[in-house]
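Undergrad: Got a file for you: start-v8.tsv, TSV, C-alpha atoms.
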```tsv
chain	number	residue	atom	x	y	z
I	170	MET	CA	0.00	0.00	0.00
I	171	ASN	CA	2.82	2.37	0.74
I	172	ALA	CA	4.25	1.85	-2.74
I	173	VAL	CA	0.84	2.40	-4.31
I	174	SER	CA	0.31	5.52	-2.20
I	175	ARG	CA	3.68	6.89	-3.29
I	176	GLU	CA	2.80	6.24	-6.94
I	177	PHE	CA	-0.50	8.05	-6.55
I	178	ALA	CA	1.28	10.95	-4.83
I	179	VAL	CA	3.81	11.21	-7.67
I	180	ALA	CA	1.04	11.04	-10.26
I	181	ASP	CA	-0.90	13.73	-8.41
I	182	ARG	CA	2.14	16.03	-8.29
I	183	LEU	CA	2.77	15.48	-12.02
I	184	TYR	CA	-0.87	16.23	-12.80
I	185	THR	CA	-0.78	19.39	-10.69
I	186	ARG	CA	2.45	20.58	-12.32
I	187	ARG	CA	1.13	19.91	-15.81
I	188	LYS	CA	-2.11	21.68	-14.97
I	189	LEU	CA	-0.22	24.75	-13.74
I	190	LEU	CA	2.04	24.72	-16.79
I	191	ASN	CA	-0.99	24.44	-19.06
I	192	ARG	CA	-2.69	27.39	-17.37
I	193	ALA	CA	0.50	29.46	-17.54
I	194	ALA	CA	0.99	28.67	-21.24
I	195	LEU	CA	-2.67	29.42	-21.98
I	196	THR	CA	-2.46	32.71	-20.11
I	197	LEU	CA	0.70	33.77	-21.93
I	198	SER	CA	-0.86	32.79	-25.28
I	199	CYS	CA	-3.98	34.84	-24.56
I	200	VAL	CA	-1.88	37.83	-23.47
I	201	ALA	CA	0.19	37.60	-26.65
I	202	ALA	CA	-2.94	37.34	-28.80
I	203	VAL	CA	-4.57	40.32	-27.10
I	204	PHE	CA	-1.31	42.29	-27.38
I	205	GLY	CA	-1.19	41.68	-31.12
I	206	LEU	CA	-4.89	42.41	-31.64
I	207	VAL	CA	-4.66	45.68	-29.70
I	208	PHE	CA	-1.86	46.97	-31.90
I	209	LEU	CA	-3.63	45.73	-35.03
I	210	ALA	CA	-6.79	47.57	-33.99
I	211	TRP	CA	-4.72	50.66	-33.20
I	212	ILE	CA	-3.10	50.60	-36.65
I	213	LEU	CA	-6.43	50.08	-38.42
I	214	TRP	CA	-8.11	52.82	-36.39
I	215	THR	CA	-5.30	55.26	-37.18
I	216	LEU	CA	-5.49	54.33	-40.85
I	217	VAL	CA	-9.25	54.80	-41.04
I	218	ALA	CA	-9.17	58.05	-39.04
I	219	LYS	CA	-6.41	59.55	-41.19
I	220	ALA	CA	-7.80	58.34	-44.52
I	221	ALA	CA	-11.52	58.94	-44.02
I	222	GLY	CA	-11.32	62.54	-45.23
I	223	GLY	CA	-9.59	61.53	-48.46
I	224	ILE	CA	-12.03	58.83	-49.59
I	225	ASN	CA	-14.19	60.46	-52.26
I	226	LEU	CA	-15.00	60.16	-55.95
I	227	ALA	CA	-12.05	62.35	-56.94
I	228	LEU	CA	-9.66	59.77	-55.49
I	229	PHE	CA	-10.67	57.33	-58.23
I	230	THR	CA	-11.30	59.77	-61.09
I	231	GLN	CA	-8.51	62.37	-60.92
I	232	MET	CA	-4.75	62.21	-61.46
I	233	THR	CA	-2.06	62.75	-58.85
I	234	PRO	CA	-1.94	66.53	-58.28
I	235	PRO	CA	0.92	69.03	-58.09
I	236	PRO	CA	1.89	70.21	-54.57
I	237	MET	CA	-0.82	72.03	-52.58
I	238	GLU	CA	-3.56	71.11	-55.07
I	239	THR	CA	-6.33	68.54	-54.81
I	240	GLY	CA	-6.51	65.44	-56.97
I	241	GLY	CA	-6.71	61.68	-56.90
I	242	LEU	CA	-4.82	58.48	-57.57
I	243	LEU	CA	-6.37	57.33	-60.83
I	244	ASN	CA	-3.06	56.92	-62.66
I	245	ALA	CA	-1.55	55.14	-59.65
I	246	PHE	CA	-4.46	52.69	-59.42
I	247	PHE	CA	-4.18	52.01	-63.14
I	248	GLY	CA	-0.42	51.50	-62.93
I	249	SER	CA	-0.69	49.12	-59.99
I	250	ALA	CA	-3.40	47.11	-61.78
I	251	VAL	CA	-1.31	46.87	-64.97
I	252	MET	CA	1.92	45.84	-63.25
I	253	CYS	CA	0.26	43.38	-60.87
I	254	GLY	CA	-1.70	41.87	-63.77
I	255	LEU	CA	1.45	41.47	-65.87
I	256	ALA	CA	3.33	39.99	-62.90
I	257	ILE	CA	0.59	37.42	-62.30
I	258	ALA	CA	0.47	36.63	-66.03
I	259	MET	CA	4.24	36.07	-66.13
I	260	GLY	CA	4.75	34.34	-62.79
I	261	THR	CA	1.71	32.05	-62.66
I	262	PRO	CA	2.39	29.77	-65.69
I	263	LEU	CA	6.04	29.32	-64.74
I	264	GLY	CA	5.15	28.76	-61.10
I	265	VAL	CA	2.45	26.19	-61.84
I	266	ALA	CA	4.73	24.37	-64.29
I	267	ALA	CA	7.64	24.31	-61.85
I	268	GLY	CA	5.41	23.22	-58.96
I	269	THR	CA	3.95	20.45	-61.10
I	270	TRP	CA	7.41	19.19	-62.01
I	271	LEU	CA	8.46	19.19	-58.36
I	272	ALA	CA	5.35	17.31	-57.22
I	273	GLU	CA	5.18	14.74	-60.03
I	274	TYR	CA	8.74	14.27	-61.27
I	275	GLY	CA	11.17	15.86	-58.82
I	276	ASN	CA	10.35	13.93	-55.64
I	277	ALA	CA	12.64	11.01	-56.43
I	278	ARG	CA	15.51	13.16	-57.71
I	279	LYS	CA	18.18	15.11	-55.88
I	280	VAL	CA	17.68	18.00	-58.26
I	281	GLY	CA	14.13	18.31	-56.90
I	282	THR	CA	15.51	18.90	-53.40
I	283	VAL	CA	17.89	21.53	-54.77
I	284	VAL	CA	15.08	23.29	-56.64
I	285	ARG	CA	12.92	23.36	-53.52
I	286	PHE	CA	15.80	24.77	-51.50
I	287	VAL	CA	16.47	27.50	-54.07
I	288	ASN	CA	12.76	28.28	-54.26
I	289	ASP	CA	12.62	28.68	-50.46
I	290	ILE	CA	15.56	31.08	-50.63
I	291	LEU	CA	13.81	33.08	-53.35
I	292	LEU	CA	10.61	33.03	-51.30
I	293	SER	CA	12.34	34.65	-48.33
I	294	ALA	CA	14.58	37.00	-50.32
I	295	PRO	CA	14.05	40.73	-49.58
I	296	SER	CA	12.03	42.37	-52.32
I	297	ILE	CA	14.58	45.18	-52.65
I	298	VAL	CA	17.18	42.61	-53.69
I	299	LEU	CA	14.89	41.38	-56.46
I	300	GLY	CA	14.29	44.99	-57.50
I	301	LEU	CA	18.03	45.64	-57.74
I	302	PHE	CA	18.47	42.44	-59.73
I	303	VAL	CA	15.84	43.49	-62.29
I	304	TYR	CA	17.30	47.00	-62.32
I	305	THR	CA	20.66	45.56	-63.35
I	306	LEU	CA	19.15	42.99	-65.70
I	307	VAL	CA	16.55	45.13	-67.48
I	308	VAL	CA	16.77	48.84	-66.69
I	309	MET	CA	20.53	49.25	-67.08
I	310	GLN	CA	20.59	47.08	-70.19
I	311	THR	CA	18.06	49.41	-71.86
I	312	GLY	CA	20.02	52.58	-71.21
I	313	GLY	CA	18.53	53.36	-67.81
I	314	ASN	CA	14.97	53.32	-69.11
I	315	PHE	CA	12.55	52.77	-66.22
I	316	SER	CA	9.37	51.05	-67.32
I	317	ALA	CA	6.21	49.34	-66.12
I	318	LEU	CA	7.45	46.15	-67.78
I	319	ALA	CA	10.57	46.15	-65.61
I	320	GLY	CA	8.37	46.71	-62.56
I	321	ALA	CA	6.14	43.80	-63.56
I	322	ILE	CA	9.18	41.54	-64.00
I	323	SER	CA	10.42	42.40	-60.51
I	324	LEU	CA	6.97	41.63	-59.08
I	325	ALA	CA	6.85	38.38	-61.08
I	326	PHE	CA	9.99	37.24	-59.24
I	327	ILE	CA	7.98	37.63	-56.03
I	328	VAL	CA	4.96	35.80	-57.45
I	329	LEU	CA	6.98	32.87	-58.81
I	330	PRO	CA	8.19	31.19	-55.57
I	331	VAL	CA	4.78	31.60	-53.90
I	332	VAL	CA	2.99	29.86	-56.78
I	333	VAL	CA	5.69	27.17	-57.03
I	334	ARG	CA	5.43	26.34	-53.33
I	335	THR	CA	1.62	26.36	-53.31
I	336	THR	CA	1.29	24.24	-56.45
I	337	ASP	CA	3.85	21.73	-55.17
I	338	GLU	CA	2.12	21.37	-51.81
I	339	MET	CA	-1.41	21.17	-53.23
I	340	LEU	CA	-0.52	18.53	-55.81
I	341	ARG	CA	1.26	16.40	-53.23
I	342	LEU	CA	-1.91	16.46	-51.12
I	343	VAL	CA	-3.87	14.75	-53.90
I	344	PRO	CA	-4.25	11.06	-52.91
I	345	VAL	CA	-1.95	8.64	-54.73
I	346	GLN	CA	-4.95	6.39	-55.43
I	347	MET	CA	-6.32	8.97	-57.86
I	348	ARG	CA	-3.11	8.87	-59.88
I	349	GLU	CA	-3.00	5.08	-59.84
I	350	ALA	CA	-6.64	4.76	-60.86
I	351	ALA	CA	-6.19	7.09	-63.84
I	352	LEU	CA	-2.92	5.47	-64.95
I	353	SER	CA	-4.42	1.98	-64.67
I	354	LEU	CA	-6.98	2.98	-67.30
I	355	GLY	CA	-4.19	3.80	-69.73
I	356	VAL	CA	-4.49	7.57	-69.40
I	357	PRO	CA	-1.24	9.38	-70.35
I	358	GLN	CA	0.65	11.10	-67.56
I	359	TRP	CA	0.01	14.59	-68.92
I	360	LYS	CA	-3.73	13.96	-69.05
I	361	VAL	CA	-3.67	12.67	-65.48
I	362	ILE	CA	-2.03	15.92	-64.40
I	363	VAL	CA	-4.31	18.22	-66.39
I	364	GLN	CA	-7.66	16.47	-66.01
I	365	VAL	CA	-7.32	14.84	-62.58
I	366	LEU	CA	-4.66	16.49	-60.43
I	367	TYR	CA	-5.27	20.09	-61.49
I	368	ARG	CA	-9.00	19.72	-60.92
I	369	SER	CA	-8.45	18.30	-57.45
I	370	ALA	CA	-5.88	20.94	-56.47
I	371	SER	CA	-7.42	23.89	-58.33
I	372	ALA	CA	-8.75	25.64	-55.22
I	373	GLY	CA	-5.37	25.49	-53.48
I	374	ILE	CA	-3.48	26.64	-56.56
I	375	VAL	CA	-5.84	29.60	-57.11
I	376	THR	CA	-5.50	30.45	-53.43
I	377	GLY	CA	-1.72	30.61	-53.82
I	378	ILE	CA	-2.10	32.92	-56.82
I	379	LEU	CA	-4.43	35.20	-54.87
I	380	LEU	CA	-2.03	35.31	-51.92
I	381	ALA	CA	0.80	36.20	-54.30
I	382	LEU	CA	-1.37	39.00	-55.72
I	383	ALA	CA	-2.05	40.29	-52.21
I	384	ARG	CA	1.66	40.31	-51.47
I	385	ILE	CA	2.83	42.16	-54.58
I	386	SER	CA	0.06	44.76	-54.43
I	387	GLY	CA	1.83	46.52	-51.57
I	388	GLU	CA	5.46	46.16	-52.69
I	389	THR	CA	7.31	49.46	-52.98
I	390	ALA	CA	11.05	48.79	-53.06
I	391	PRO	CA	11.17	46.81	-56.35
I	392	LEU	CA	9.12	49.47	-58.16
I	393	LEU	CA	11.40	52.29	-57.02
I	394	PHE	CA	14.23	50.71	-59.01
I	395	THR	CA	12.19	49.59	-62.02
I	396	ALA	CA	8.91	51.40	-62.75
I	397	PHE	CA	10.04	54.49	-60.84
I	398	GLY	CA	6.79	56.50	-61.09
I	399	ASN	CA	4.90	58.96	-63.23
I	400	GLN	CA	2.73	61.90	-62.25
I	401	TYR	CA	0.74	61.66	-65.46
I	402	TRP	CA	-1.40	59.05	-67.18
I	403	ASN	CA	0.67	56.52	-69.09
I	404	GLY	CA	-0.57	53.42	-70.88
I	405	ASN	CA	2.79	52.46	-72.38
I	406	VAL	CA	4.40	49.63	-70.42
I	407	MET	CA	7.79	50.57	-71.84
I	408	GLN	CA	7.71	53.91	-70.00
I	409	PRO	CA	7.71	54.83	-66.29
I	410	MET	CA	4.33	54.27	-64.66
I	411	ALA	CA	2.80	55.33	-61.36
I	412	SER	CA	1.77	52.83	-58.69
I	413	VAL	CA	-0.06	53.16	-55.39
I	414	PRO	CA	2.79	51.99	-53.10
I	415	VAL	CA	5.33	54.34	-54.71
I	416	VAL	CA	2.92	57.28	-54.59
I	417	MET	CA	2.23	56.52	-50.93
I	418	TYR	CA	5.97	56.46	-50.23
I	419	GLN	CA	6.52	59.79	-51.99
I	420	PHE	CA	3.45	61.60	-50.68
I	421	ALA	CA	3.63	60.41	-47.06
I	422	GLY	CA	7.08	61.99	-46.62
I	423	SER	CA	6.14	65.28	-48.27
I	424	PRO	CA	5.40	68.51	-46.36
I	425	TYR	CA	2.13	69.04	-48.24
I	426	GLU	CA	-1.08	68.18	-46.41
I	427	THR	CA	-3.00	67.33	-49.59
I	428	TRP	CA	-0.35	64.80	-50.60
I	429	GLN	CA	-0.31	63.28	-47.12
I	430	GLN	CA	-4.10	62.92	-47.25
I	431	LEU	CA	-3.84	61.09	-50.58
I	432	ALA	CA	-1.16	58.80	-49.15
I	433	TRP	CA	-3.41	57.80	-46.26
I	434	ALA	CA	-6.37	57.29	-48.61
I	435	GLY	CA	-4.27	55.12	-50.91
I	436	ALA	CA	-3.10	53.08	-47.93
I	437	LEU	CA	-6.70	52.45	-46.86
I	438	VAL	CA	-7.78	51.38	-50.36
I	439	LEU	CA	-4.77	49.09	-50.62
I	440	THR	CA	-5.52	47.56	-47.20
I	441	VAL	CA	-9.13	46.90	-48.14
I	442	PHE	CA	-8.01	45.32	-51.42
I	443	VAL	CA	-5.57	42.99	-49.66
I	444	LEU	CA	-8.27	42.10	-47.11
I	445	LEU	CA	-10.76	41.23	-49.85
I	446	VAL	CA	-8.20	39.13	-51.73
I	447	SER	CA	-7.28	37.27	-48.54
I	448	LEU	CA	-10.94	36.64	-47.73
I	449	GLY	CA	-11.46	35.38	-51.28
I	450	ALA	CA	-8.57	32.97	-50.88
I	451	ARG	CA	-9.96	31.66	-47.59
I	452	ALA	CA	-13.44	31.34	-49.11
I	453	LEU	CA	-12.03	29.18	-51.90
I	454	LEU	CA	-10.31	26.85	-49.44
I	455	LEU	CA	-13.42	26.66	-47.25
I	456	ARG	CA	-15.59	25.85	-50.26
I	457	LYS	CA	-13.18	23.11	-51.28
I	458	ARG	CA	-13.28	21.57	-47.81
I	459	ILE	CA	-17.08	21.64	-47.74
I	460	VAL	CA	-17.25	19.95	-51.16
I	461	ASN	CA	-14.76	17.27	-50.07
I	462	ASP	CA	-16.65	16.62	-46.84
```
What would the structure in this file look like if it were written as structure tokens?
TA:
Amino acid sequence: MNAVSREFAVADRLYTRRKLLNRAALTLSCVAAVFGLVFLAWILWTLVAKAAGGINLALFTQMTPPPMETGGLLNAFFGSAVMCGLAIAMGTPLGVAAGTWLAEYGNARKVGTVVRFVNDILLSAPSIVLGLFVYTLVVMQTGGNFSALAGAISLAFIVLPVVVRTTDEMLRLVPVQMREAALSLGVPQWKVIVQVLYRSASAGIVTGILLALARISGETAPLLFTAFGNQYWNGNVMQPMASVPVVMYQFAGSPYETWQQLAWAGALVLTVFVLLVSLGARALLLRKRIVND
């Protein structure tokens, strides 16, 4: 009985210690979560309070103004849409193709491990480094000509690793039985990938593309070295073009109140856009889970 009593006493002490540790960890986690949420709410409140006065029709219909004059960000919105669209158009096909190769052909090869490692490095590389690379590769080789195309290429380098990683992960989540069933019917490998695997992983792949779009929509550093900026309307991708992040960077540090107001308004519009894109990505994943269940 003494031995049994000692075992129960030890078990009781262990239970009490684990219970205390659990409560301490839960408390610290809640404090950390509240700490983060408070600062997030503070940032959003400041953004809304500063930008509320600048949200009007002129913001979306007028060009960026000279100092001490009113105007809007129409040319900047257009430039951001063009460069982000070109970046997605350039980075998505390459990213999906590379991710497909990694998932279907590169698993059993050492080169696949190397490609994944390089892709992870590119995924975590500072965007300013990619901007400098494109500046050297494109801008300097064209006689120092800044252009929207160069800006789109720098953003495409940010899109590429995100889409590669997402496509690779989503395709590897597709059950092996689906591949085996299709191949057993004599279906060629490329048809299995296109008609079976892509359909099963489509929601995840599109989610990765949307997340890449949300990331590049707020990038400033690469565009400073490539697209540079333009105060006027420009539809030529071979010439400098305005963008919302660059205009925000320039206007926020200016001494003119009208420019500062436009910078805050642009920041709010950009934040809402990123929020909507992120919600769309989550909605796609949730819909896919509901369909699978």
Undergrad: Smallest atom-to-atom distance to I:Val443: which of I:Leu379, I:Val265, I:Ala258, I:Met417, using all atoms listed in the file?
TA: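 Once distances to I:Val443 are computed over all atoms listed in the file, the minimum belongs to I:Leu379.
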Undergrad: Would you work out the distance separating atom CA of I:Asn399 from atom CA of I:Glu426, expressed in Å to one decimal?
TA: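 Between atom CA of I:Asn399 and atom CA of I:Glu426 the gap is 20.1 Å.
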Undergrad: Find, counting all atoms listed in the file, the residue in I:Tyr401, I:Phe246, I:Trp428, I:Trp211 that gets nearest to I:Ser386.
TA: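 Of I:Tyr401, I:Phe246, I:Trp428, I:Trp211, the one nearest I:Ser386, counting all atoms listed in the file, is I:Phe246.
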Undergrad: May I have the protein, DNA and RNA residues with an atom at most 12 Å from (2.2, 55.3, -52.4), counting only C-alpha atoms in the file's coordinates, returned as number ranges by chain?
TA: I: 233, 241-242, 244-246, 248-249, 386-390, 392-393, 397-400, 411-423, 428-439
Undergrad: Mind checking which residues fall within 12 Å of stretch 282-293 of chain I, counting only C-alpha atoms, ignoring those fewer than 5 positions away in the same chain, and posting them as a VMD selection string?
TA: chain I and resid 264 267 to 268 270 to 272 274 to 277 298 to 299 325 to 335 337 to 338 381 384
Undergrad: Which value, in Å to one decimal, gives the distance between atom CA of I:Ala321 and atom CA of I:Leu255?
TA: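 Between atom CA of I:Ala321 and atom CA of I:Leu255 the gap works out to 5.7 Å.
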Undergrad: Have a look at I:Gln346, I:Thr185, I:Ser353, I:Gln358 and name the one nearest to I:Thr269; count only C-alpha atoms.
TA: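 That would be I:Gln358, the residue with the smallest distance to I:Thr269.
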Undergrad: Grab the atom CA of I:Gly373 to atom CA of I:Gly449 distance for me, in Å with one decimal place.
TA: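 Result for atom CA of I:Gly373 versus atom CA of I:Gly449: 11.8 Å, one decimal.
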Undergrad: Can you pull out every residue within 8 Å of I:Leu324, counting only C-alpha atoms, but drop anything in the same chain fewer than 6 positions away, and send it as a PyMOL selection string?
TA: chain I and resi 252-253+256+385+388+391
Undergrad: Around the point (15.4, 44.5, -65.0) (coordinates from the file), which residues reach within 10 Å if we count only C-alpha atoms? Answer as a short mmCIF file (atom, residue, chain, number, x, y, z; two decimals) with C-alpha atoms, in the coordinates of the input.
TA:
```
data_model
loop_
_atom_site.label_atom_id
_atom_site.label_comp_id
_atom_site.auth_asym_id
_atom_site.auth_seq_id
_atom_site.Cartn_x
_atom_site.Cartn_y
_atom_site.Cartn_z
CA LEU I 299 14.89 41.38 -56.46
CA GLY I 300 14.29 44.99 -57.50
CA LEU I 301 18.03 45.64 -57.74
CA PHE I 302 18.47 42.44 -59.73
CA VAL I 303 15.84 43.49 -62.29
CA TYR I 304 17.30 47.00 -62.32
CA THR I 305 20.66 45.56 -63.35
CA LEU I 306 19.15 42.99 -65.70
CA VAL I 307 16.55 45.13 -67.48
CA VAL I 308 16.77 48.84 -66.69
CA MET I 309 20.53 49.25 -67.08
CA GLN I 310 20.59 47.08 -70.19
CA THR I 311 18.06 49.41 -71.86
CA GLY I 313 18.53 53.36 -67.81
CA ASN I 314 14.97 53.32 -69.11
CA PHE I 315 12.55 52.77 -66.22
CA SER I 316 9.37 51.05 -67.32
CA LEU I 318 7.45 46.15 -67.78
CA ALA I 319 10.57 46.15 -65.61
CA GLY I 320 8.37 46.71 -62.56
CA ALA I 321 6.14 43.80 -63.56
CA ILE I 322 9.18 41.54 -64.00
CA SER I 323 10.42 42.40 -60.51
CA PRO I 391 11.17 46.81 -56.35
CA PHE I 394 14.23 50.71 -59.01
CA THR I 395 12.19 49.59 -62.02
CA ALA I 396 8.91 51.40 -62.75
#
```
Undergrad: Just want the 7 Å neighbourhood of I:Leu243, counted on all atoms listed in the file, with same-chain residues fewer than 3 positions away dropped. Output as a list in words.
TA: Leu228, Phe229, Thr230, Gln231, Met232, Phe246 and Phe247 of chain I
